[in-house]
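Visitor: This is start00.txt, which holds compact mmCIF, C-alpha atoms:
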# COMPACT_ATOMS: atom_id res chain seq x y z
CA MET V 1 126.18 122.58 150.74
CA GLY V 2 123.98 119.46 150.56
CA LYS V 3 124.87 116.18 148.93
CA VAL V 4 125.03 116.09 145.15
CA MET V 5 124.76 113.36 142.54
CA LYS V 6 125.89 113.05 138.94
CA ILE V 7 123.37 112.99 136.11
CA TYR V 8 123.64 113.13 132.32
CA ILE V 9 121.33 115.48 130.40
CA LYS V 10 120.38 115.36 126.71
CA TYR V 11 118.50 117.99 124.69
CA PHE V 12 116.78 117.46 121.37
CA ALA V 13 115.32 119.57 118.56
CA SER V 14 114.04 123.03 119.59
CA ILE V 15 115.10 122.45 123.22
CA ARG V 16 118.69 121.93 122.07
CA ASP V 17 118.46 125.28 120.25
CA LEU V 18 117.03 126.87 123.39
CA ILE V 19 119.75 125.52 125.72
CA GLY V 20 122.54 125.89 123.17
CA LYS V 21 124.07 122.41 123.57
CA ASP V 22 123.07 118.81 122.93
CA SER V 23 124.19 117.22 126.21
CA GLU V 24 126.00 117.81 129.49
CA ASN V 25 127.03 116.15 132.72
CA LEU V 26 125.85 117.92 135.83
CA ASP V 27 126.06 117.59 139.62
CA VAL V 28 122.65 118.28 141.13
CA ASP V 29 121.26 118.17 144.67
CA ILE V 30 120.08 114.77 145.82
CA ASN V 31 116.30 114.35 145.47
CA SER V 32 116.02 117.04 142.78
CA SER V 33 112.94 116.63 140.61
CA ALA V 34 112.88 116.95 136.82
CA ARG V 35 110.98 120.22 137.29
CA GLU V 36 113.64 121.64 139.62
CA LEU V 37 116.34 120.66 137.14
CA TRP V 38 114.41 122.30 134.27
CA GLN V 39 114.02 125.51 136.29
CA LEU V 40 117.71 125.48 137.17
CA LEU V 41 118.73 124.99 133.53
CA THR V 42 116.41 127.50 131.93
CA HIS V 43 115.40 129.98 134.63
CA GLU V 44 111.92 129.05 133.39
CA ILE V 45 112.39 130.58 129.96
CA GLU V 46 109.86 128.16 128.50
CA SER V 47 106.86 126.63 130.16
CA PRO V 48 107.30 122.88 130.74
CA GLU V 49 103.83 122.33 129.22
CA ASN V 50 105.51 122.36 125.79
CA VAL V 51 108.37 120.18 126.93
CA LEU V 52 108.51 116.41 127.36
CA VAL V 53 110.90 114.65 129.69
CA ALA V 54 112.32 111.13 129.57
CA VAL V 55 114.58 109.35 132.04
CA ASN V 56 116.66 106.37 130.93
CA HIS V 57 114.67 106.21 127.66
CA LYS V 58 111.22 106.25 129.28
CA TYR V 59 108.71 109.11 129.48
CA VAL V 60 108.25 110.47 133.00
CA ASP V 61 106.47 113.52 134.37
CA PHE V 62 108.12 116.62 135.78
CA GLU V 63 107.64 115.40 139.36
CA TYR V 64 110.03 112.49 138.75
CA VAL V 65 112.78 112.46 141.41
CA LEU V 66 116.22 112.02 139.85
CA LYS V 67 118.63 109.30 140.87
CA GLU V 68 122.42 109.08 140.66
CA GLY V 69 123.52 108.22 137.12
CA ASP V 70 120.16 108.95 135.44
CA GLU V 71 120.13 110.00 131.80
CA ILE V 72 117.46 112.67 131.53
CA ALA V 73 116.29 114.12 128.21
CA PHE V 74 114.23 117.23 127.47
CA PHE V 75 112.52 117.64 124.10
CA PRO V 76 109.45 119.17 122.42
CA PRO V 77 106.34 117.19 121.41
CA VAL V 78 107.31 114.57 118.85
CA THR V 79 106.65 114.88 115.10
CA GLY V 80 107.64 111.60 113.47
CA GLY V 81 105.83 109.60 110.82
CA MET J 1 109.27 91.69 113.92
CA LYS J 2 111.71 94.28 112.69
CA ILE J 3 112.32 97.90 113.63
CA GLU J 4 114.77 99.92 111.58
CA ILE J 5 115.91 103.53 111.75
CA ILE J 6 117.61 104.30 108.47
CA SER J 7 119.69 107.36 107.58
CA GLU J 8 119.82 106.81 103.80
CA LYS J 9 116.98 106.96 101.27
CA PHE J 10 115.29 103.55 101.01
CA ASP J 11 112.97 101.80 98.59
CA PRO J 12 109.98 100.68 100.71
CA TRP J 13 108.76 98.13 98.16
CA GLU J 14 112.16 96.50 97.93
CA SER J 15 112.35 96.42 101.74
CA LEU J 16 108.94 94.74 101.87
CA VAL J 17 109.83 92.07 99.33
CA GLU J 18 113.11 91.39 101.13
CA TYR J 19 111.45 91.13 104.55
CA LYS J 20 108.69 88.89 103.24
CA ARG J 21 111.17 86.61 101.48
CA ASN J 22 113.70 86.38 104.34
CA GLU J 23 111.55 86.53 107.47
CA LEU J 24 108.05 85.38 106.54
CA GLN J 25 109.10 82.83 103.90
CA ASN J 26 105.65 82.58 102.35
CA ASN J 27 104.00 81.69 105.66
CA PRO J 28 100.75 79.94 104.59
CA LYS J 29 98.88 81.24 107.67
CA ILE J 30 98.99 84.78 106.27
CA GLY J 31 95.71 85.83 104.72
CA ALA J 32 96.16 89.61 104.87
CA SER J 33 99.01 92.05 104.40
CA SER J 34 98.50 95.70 105.25
CA VAL J 35 100.95 98.45 104.34
CA PHE J 36 101.17 102.14 105.18
CA LEU J 37 103.76 104.37 103.55
CA GLY J 38 104.31 107.99 104.60
CA THR J 39 106.15 110.16 102.08
CA MET J 40 107.41 113.73 102.20
CA ARG J 41 105.24 116.49 100.70
CA ASP J 42 106.62 119.64 99.06
CA PHE J 43 104.25 121.83 101.11
CA ASN J 44 103.13 122.27 104.71
CA ASP J 45 100.91 124.95 106.29
CA ASP J 46 100.69 126.85 102.96
CA ASP J 47 104.49 127.03 102.55
CA ASP J 48 106.74 125.37 100.01
CA ILE J 49 109.15 122.93 101.65
CA ASP J 50 112.52 122.30 99.97
CA SER J 51 113.91 119.72 102.37
CA MET J 52 113.51 118.37 105.86
CA GLU J 53 115.84 117.19 108.65
CA LEU J 54 114.52 114.32 110.74
CA GLU J 55 116.23 113.57 114.05
CA HIS J 56 115.60 110.95 116.71
CA TYR J 57 116.75 109.90 120.17
CA PRO J 58 118.95 106.84 119.55
CA GLY J 59 118.00 104.07 121.95
CA MET J 60 114.71 105.54 123.11
CA THR J 61 113.16 105.69 119.64
CA GLU J 62 113.95 102.04 118.91
CA LYS J 63 112.67 101.04 122.34
CA TYR J 64 109.32 102.78 121.85
CA LEU J 65 108.88 101.47 118.30
CA SER J 66 109.53 97.92 119.53
CA ASN J 67 107.03 98.36 122.37
CA ILE J 68 104.42 99.74 119.97
CA VAL J 69 104.76 96.85 117.52
CA GLU J 70 104.88 94.20 120.25
CA LYS J 71 101.73 95.64 121.77
CA ALA J 72 99.95 95.59 118.39
CA ILE J 73 101.04 92.00 117.73
CA LYS J 74 99.40 90.92 121.02
CA LYS J 75 96.33 93.17 120.83
CA PHE J 76 95.36 92.32 117.25
CA ASN J 77 96.80 88.80 117.20
CA ILE J 78 98.80 89.54 114.07
CA ILE J 79 101.52 87.28 112.70
CA ASP J 80 104.23 89.88 112.26
CA GLY J 81 105.00 93.60 111.98
CA LEU J 82 107.66 95.76 110.32
CA VAL J 83 108.53 99.44 110.82
CA ILE J 84 111.21 101.31 108.87
CA HIS J 85 111.65 105.05 109.64
CA ARG J 86 113.96 107.54 107.97
CA VAL J 87 116.19 110.05 109.74
CA GLY J 88 118.61 112.60 108.27
CA LEU J 89 118.09 114.87 105.29
CA LEU J 90 114.94 114.21 103.23
CA PHE J 91 113.52 115.71 100.05
CA PRO J 92 109.96 115.82 98.70
CA THR J 93 108.70 112.39 97.52
CA ASP J 94 111.21 110.55 99.79
CA PRO J 95 109.69 107.76 101.88
CA ILE J 96 109.55 108.71 105.59
CA VAL J 97 107.97 105.70 107.23
CA LEU J 98 106.89 102.21 106.23
CA VAL J 99 104.57 100.18 108.47
CA ALA J 100 103.52 96.68 107.43
CA THR J 101 101.60 94.01 109.30
CA TRP J 102 100.57 90.48 108.42
CA SER J 103 97.63 88.55 109.85
CA GLU J 104 95.19 85.74 109.14
CA HIS J 105 92.26 88.09 108.42
CA ARG J 106 92.07 91.63 107.06
CA ASP J 107 90.54 93.42 110.06
CA ASN J 108 93.51 92.62 112.28
CA ALA J 109 96.11 93.78 109.77
CA PHE J 110 94.19 96.98 108.90
CA ASN J 111 93.69 97.85 112.58
CA ALA J 112 97.21 96.96 113.65
CA THR J 113 98.82 99.07 110.93
CA ARG J 114 96.62 102.02 111.84
CA GLU J 115 97.32 101.73 115.54
CA ILE J 116 101.08 101.35 115.06
CA MET J 117 101.09 104.51 112.93
CA GLU J 118 99.01 106.54 115.42
CA SER J 119 101.09 105.39 118.39
CA LEU J 120 104.29 106.18 116.51
CA LYS J 121 103.10 109.73 115.82
CA GLU J 122 102.13 110.18 119.44
CA GLN J 123 105.06 108.56 121.25
CA ALA J 124 108.15 107.85 119.17
CA PRO J 125 110.82 110.52 119.69
CA PHE J 126 111.35 111.93 116.20
CA TRP J 127 111.46 115.63 115.29
CA LYS J 128 111.12 117.30 111.91
CA LYS J 129 112.82 120.54 110.88
CA GLU J 130 111.61 122.00 107.59
CA SER J 131 113.50 124.21 105.19
CA THR J 132 111.26 126.91 103.66
CA ASP J 133 111.93 130.08 101.64
CA ASN J 134 112.07 131.90 105.01
CA GLY J 135 114.61 129.57 106.60
CA PHE J 136 114.35 126.61 108.95
CA ARG J 137 111.51 125.85 111.34
CA TRP J 138 110.70 123.03 113.76
CA VAL J 139 107.45 121.27 112.90
CA LYS J 140 104.75 121.40 115.56
CA PRO J 141 102.43 118.42 116.04
CA LYS J 142 98.97 118.82 114.48
CA THR J 143 97.36 117.23 117.50
CA GLU J 144 99.31 117.58 120.70
CA SER J 145 97.99 114.44 122.24
CA THR J 146 100.62 113.33 124.73
CA GLU J 147 98.24 111.98 127.34
CA ASN J 148 98.87 108.32 126.61
CA ILE J 149 102.63 108.35 126.27
CA ASN J 150 103.22 106.69 129.62
CA GLU J 151 101.29 103.59 128.54
CA THR J 152 104.06 101.71 126.78
Render the structure in this file as structure tokens.
Guide:
Amino acid sequence: MGKVMKIYIKYFASIRDLIGKDSENLDVDINSSARELWQLLTHEIESPENVLVAVNHKYVDFEYVLKEGDEIAFFPPVTGG
Amino acid sequence: MKIEIISEKFDPWESLVEYKRNELQNNPKIGASSVFLGTMRDFNDDDDIDSMELEHYPGMTEKYLSNIVEKAIKKFNIIDGLVIHRVGLLFPTDPIVLVATWSEHRDNAFNATREIMESLKEQAPFWKKESTDNGFRWVKPKTESTENINET
């Protein structure tokens, strides 16, 4: 088993409904990307094209490489205003 | 500059008067005030809407709204900007969002208010869930333009 790191995951709106919870702490392999995490969490049940990802309150793309202690959030396109 | 996420119904005109009185204090450099108010409709996509839940991402939403307004202040050289956005349970006619800007001349205030509103719709993490006769549904964006979200 390779090295792991702790991250905190948040889900919003329709993604929260899809995953069935609003947040969780998880140990993931070091150097995991946001895409790898998404695939692990969902078994690719929804295409990431309709999903946005933010790390530590900033938009990133799915190739972002996670770091220890990151807060990563998955959510659908935004509909404020 | 002020950014506020508010979970109770608010009176946008009262908020404007209060902000102007307390923060701008009749600044004599102001020659133009521009205001946009978004309110909730009782219909969407041919369906009647009874109510709507608005949620946000605490921390990230405030951060993006601040960035958007700061950027507009610099770009359009405006004197000040205010954004108040509702979350929680809303009913038709309720105010959703108030954007106000103040500048020396009208072009800057008009343009800044417009740009703040468009950037908010594109970037700020808010999500709407509507209640219709057929149950709840998440609102999908009309234009899924997420290409510029990494800019701020």
Visitor: Can you check which parts of chain J lie within 8 Å of chain V? Per residue, the shortest pair of atoms and distance in Å to one decimal, counting only C-alpha atoms, sorted by chain and number, as JSON lines.
Guide:
{"residue": "J:Gly38", "atom": "CA", "partner": "V:Gly81", "partner_atom": "CA", "distance": 6.6}
{"residue": "J:Leu54", "atom": "CA", "partner": "V:Gly80", "partner_atom": "CA", "distance": 7.9}
{"residue": "J:Glu55", "atom": "CA", "partner": "V:Ala13", "partner_atom": "CA", "distance": 7.6}
{"residue": "J:Tyr57", "atom": "CA", "partner": "V:Phe12", "partner_atom": "CA", "distance": 7.7}
{"residue": "J:Gly59", "atom": "CA", "partner": "V:His57", "partner_atom": "CA", "distance": 6.9}
{"residue": "J:Met60", "atom": "CA", "partner": "V:His57", "partner_atom": "CA", "distance": 4.6}
{"residue": "J:Lys63", "atom": "CA", "partner": "V:His57", "partner_atom": "CA", "distance": 7.7}
{"residue": "J:His85", "atom": "CA", "partner": "V:Gly81", "partner_atom": "CA", "distance": 7.5}
{"residue": "J:Ile96", "atom": "CA", "partner": "V:Gly81", "partner_atom": "CA", "distance": 6.5}
{"residue": "J:Val97", "atom": "CA", "partner": "V:Gly81", "partner_atom": "CA", "distance": 5.7}
{"residue": "J:Met117", "atom": "CA", "partner": "V:Gly81", "partner_atom": "CA", "distance": 7.3}
{"residue": "J:Leu120", "atom": "CA", "partner": "V:Gly81", "partner_atom": "CA", "distance": 6.8}
{"residue": "J:Lys121", "atom": "CA", "partner": "V:Gly80", "partner_atom": "CA", "distance": 5.4}
{"residue": "J:Glu122", "atom": "CA", "partner": "V:Val78", "partner_atom": "CA", "distance": 6.8}
{"residue": "J:Gln123", "atom": "CA", "partner": "V:Val78", "partner_atom": "CA", "distance": 6.9}
{"residue": "J:Ala124", "atom": "CA", "partner": "V:Val78", "partner_atom": "CA", "distance": 6.8}
{"residue": "J:Pro125", "atom": "CA", "partner": "V:Val78", "partner_atom": "CA", "distance": 5.4}
{"residue": "J:Phe126", "atom": "CA", "partner": "V:Gly80", "partner_atom": "CA", "distance": 4.6}
{"residue": "J:Trp127", "atom": "CA", "partner": "V:Thr79", "partner_atom": "CA", "distance": 4.9}
{"residue": "J:Lys128", "atom": "CA", "partner": "V:Thr79", "partner_atom": "CA", "distance": 6.0}
{"residue": "J:Trp138", "atom": "CA", "partner": "V:Ser14", "partner_atom": "CA", "distance": 6.7}
{"residue": "J:Val139", "atom": "CA", "partner": "V:Thr79", "partner_atom": "CA", "distance": 6.8}
{"residue": "J:Lys140", "atom": "CA", "partner": "V:Thr79", "partner_atom": "CA", "distance": 6.8}
{"residue": "J:Pro141", "atom": "CA", "partner": "V:Thr79", "partner_atom": "CA", "distance": 5.6}
{"residue": "J:Glu144", "atom": "CA", "partner": "V:Pro77", "partner_atom": "CA", "distance": 7.1}
{"residue": "J:Thr146", "atom": "CA", "partner": "V:Pro77", "partner_atom": "CA", "distance": 7.7}
{"residue": "J:Ile149", "atom": "CA", "partner": "V:Tyr59", "partner_atom": "CA", "distance": 6.9}
{"residue": "J:Asn150", "atom": "CA", "partner": "V:Tyr59", "partner_atom": "CA", "distance": 6.0}
Visitor: Give me, please, the distance in Å between CA of Ile73 in chain J and CA of Ile5 in chain J, quoted to one decimal.
Guide: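 So the two atoms, CA of Ile73 in chain J and CA of Ile5 in chain J, lie 19.7 Å apart.
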Visitor: Excluding Ser47 in chain V and its own-chain neighbours fewer than 3 positions away, which residues fall within 12 Å of it when counting only C-alpha atoms? Please give them as number ranges by chain.
Guide: V: 15, 35, 38-39, 42-44, 50-52, 62, 76
Visitor: Please list, as a PyMOL selection string, the residues that have an atom at most 9 Å away from (101.8, 94.7, 118.4) in the coordinates of this file, counting all atoms listed in the file.
Guide: chain J and resi 66-78+80-81+112+115-116
Visitor: For the point (113.7, 94.9, 112.7) in file coordinates, what residues are within 10 Å, counting all atoms listed in the file? Give the answer as an NGL selection string?
Guide: :J and (1-5 or 19 or 62 or 65-66 or 81-84)
Visitor: One number please: CA of Lys67 in chain V to CA of Leu26 in chain V, in Å, one decimal.
Guide: 12.3 Å
Visitor: Hey, can you check how far CA of Glu49 in chain V sits from CA of Met5 in chain V?
Guide: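 That distance, rounded to one decimal, is 26.4 Å.
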Visitor: Identify which of the residues J:Ile79, J:Val35, J:Met40, J:Met52 lies closest to Asp94 in chain J, counting all atoms listed in the file when measuring atom-to-atom distances.
Guide: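 When distances to Asp94 in chain J are compared using all atoms listed in the file, the smallest one comes from J:Met40.
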Visitor: Please provide the set of residues having any atom within 12 Å of Leu37 in chain V, restricted to all atoms listed in the file, with same-chain residues fewer than 4 positions apart removed, written as a list in words.
Guide: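 Non-adjacent residues within range: Ile7, Tyr8, Ile9, Leu26, Asp27, Val28, Asp29, Ile30, Asn31, Ser32, Ser33, Leu41, Thr42, His43, Glu44, Pro48, Val53, Phe62, Glu63, Tyr64, Val65, Leu66, Ile72, Ala73 and Phe74 of chain V.
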Visitor: For range 94-110 of chain J, supply N, CA and C atoms and report the output as an mmCIF file, in the coordinates of the input.
Guide:
data_model
loop_
_atom_site.group_PDB
_atom_site.id
_atom_site.type_symbol
_atom_site.label_atom_id
_atom_site.label_comp_id
_atom_site.auth_asym_id
_atom_site.auth_seq_id
_atom_site.Cartn_x
_atom_site.Cartn_y
_atom_site.Cartn_z
ATOM 1 N N ASP J 94 110.463 111.608 99.083
ATOM 2 C CA ASP J 94 111.210 110.550 99.790
ATOM 3 C C ASP J 94 110.292 109.809 100.764
ATOM 4 N N PRO J 95 110.425 108.508 100.848
ATOM 5 C CA PRO J 95 109.690 107.760 101.880
ATOM 6 C C PRO J 95 110.166 108.174 103.271
ATOM 7 N N ILE J 96 109.207 108.375 104.196
ATOM 8 C CA ILE J 96 109.550 108.710 105.590
ATOM 9 C C ILE J 96 109.387 107.476 106.467
ATOM 10 N N VAL J 97 108.226 106.841 106.341
ATOM 11 C CA VAL J 97 107.970 105.700 107.230
ATOM 12 C C VAL J 97 107.183 104.614 106.495
ATOM 13 N N LEU J 98 107.600 103.379 106.744
ATOM 14 C CA LEU J 98 106.890 102.210 106.230
ATOM 15 C C LEU J 98 106.421 101.384 107.415
ATOM 16 N N VAL J 99 105.113 101.096 107.451
ATOM 17 C CA VAL J 99 104.570 100.180 108.470
ATOM 18 C C VAL J 99 103.870 99.055 107.720
ATOM 19 N N ALA J 100 104.200 97.828 108.052
ATOM 20 C CA ALA J 100 103.520 96.680 107.430
ATOM 21 C C ALA J 100 103.165 95.671 108.504
ATOM 22 N N THR J 101 101.985 95.088 108.384
ATOM 23 C CA THR J 101 101.600 94.010 109.300
ATOM 24 C C THR J 101 100.989 92.863 108.487
ATOM 25 N N TRP J 102 101.096 91.682 109.067
ATOM 26 C CA TRP J 102 100.570 90.480 108.420
ATOM 27 C C TRP J 102 99.694 89.711 109.415
ATOM 28 N N SER J 103 98.535 89.260 108.954
ATOM 29 C CA SER J 103 97.630 88.550 109.850
ATOM 30 C C SER J 103 96.830 87.507 109.070
ATOM 31 N N GLU J 104 96.008 86.752 109.804
ATOM 32 C CA GLU J 104 95.190 85.740 109.140
ATOM 33 C C GLU J 104 94.034 86.406 108.385
ATOM 34 N N HIS J 105 93.439 87.435 109.012
ATOM 35 C CA HIS J 105 92.260 88.090 108.420
ATOM 36 C C HIS J 105 92.480 89.605 108.321
ATOM 37 N N ARG J 106 91.768 90.252 107.404
ATOM 38 C CA ARG J 106 92.070 91.630 107.060
ATOM 39 C C ARG J 106 91.863 92.645 108.187
ATOM 40 N N ASP J 107 90.821 92.456 108.996
ATOM 41 C CA ASP J 107 90.540 93.420 110.060
ATOM 42 C C ASP J 107 91.755 93.634 110.962
ATOM 43 N N ASN J 108 92.375 92.541 111.347
ATOM 44 C CA ASN J 108 93.510 92.620 112.280
ATOM 45 C C ASN J 108 94.681 93.376 111.670
ATOM 46 N N ALA J 109 94.976 93.104 110.402
ATOM 47 C CA ALA J 109 96.110 93.780 109.770
ATOM 48 C C ALA J 109 95.804 95.263 109.564
ATOM 49 N N PHE J 110 94.589 95.570 109.061
ATOM 50 C CA PHE J 110 94.190 96.980 108.900
ATOM 51 C C PHE J 110 94.316 97.727 110.228
#
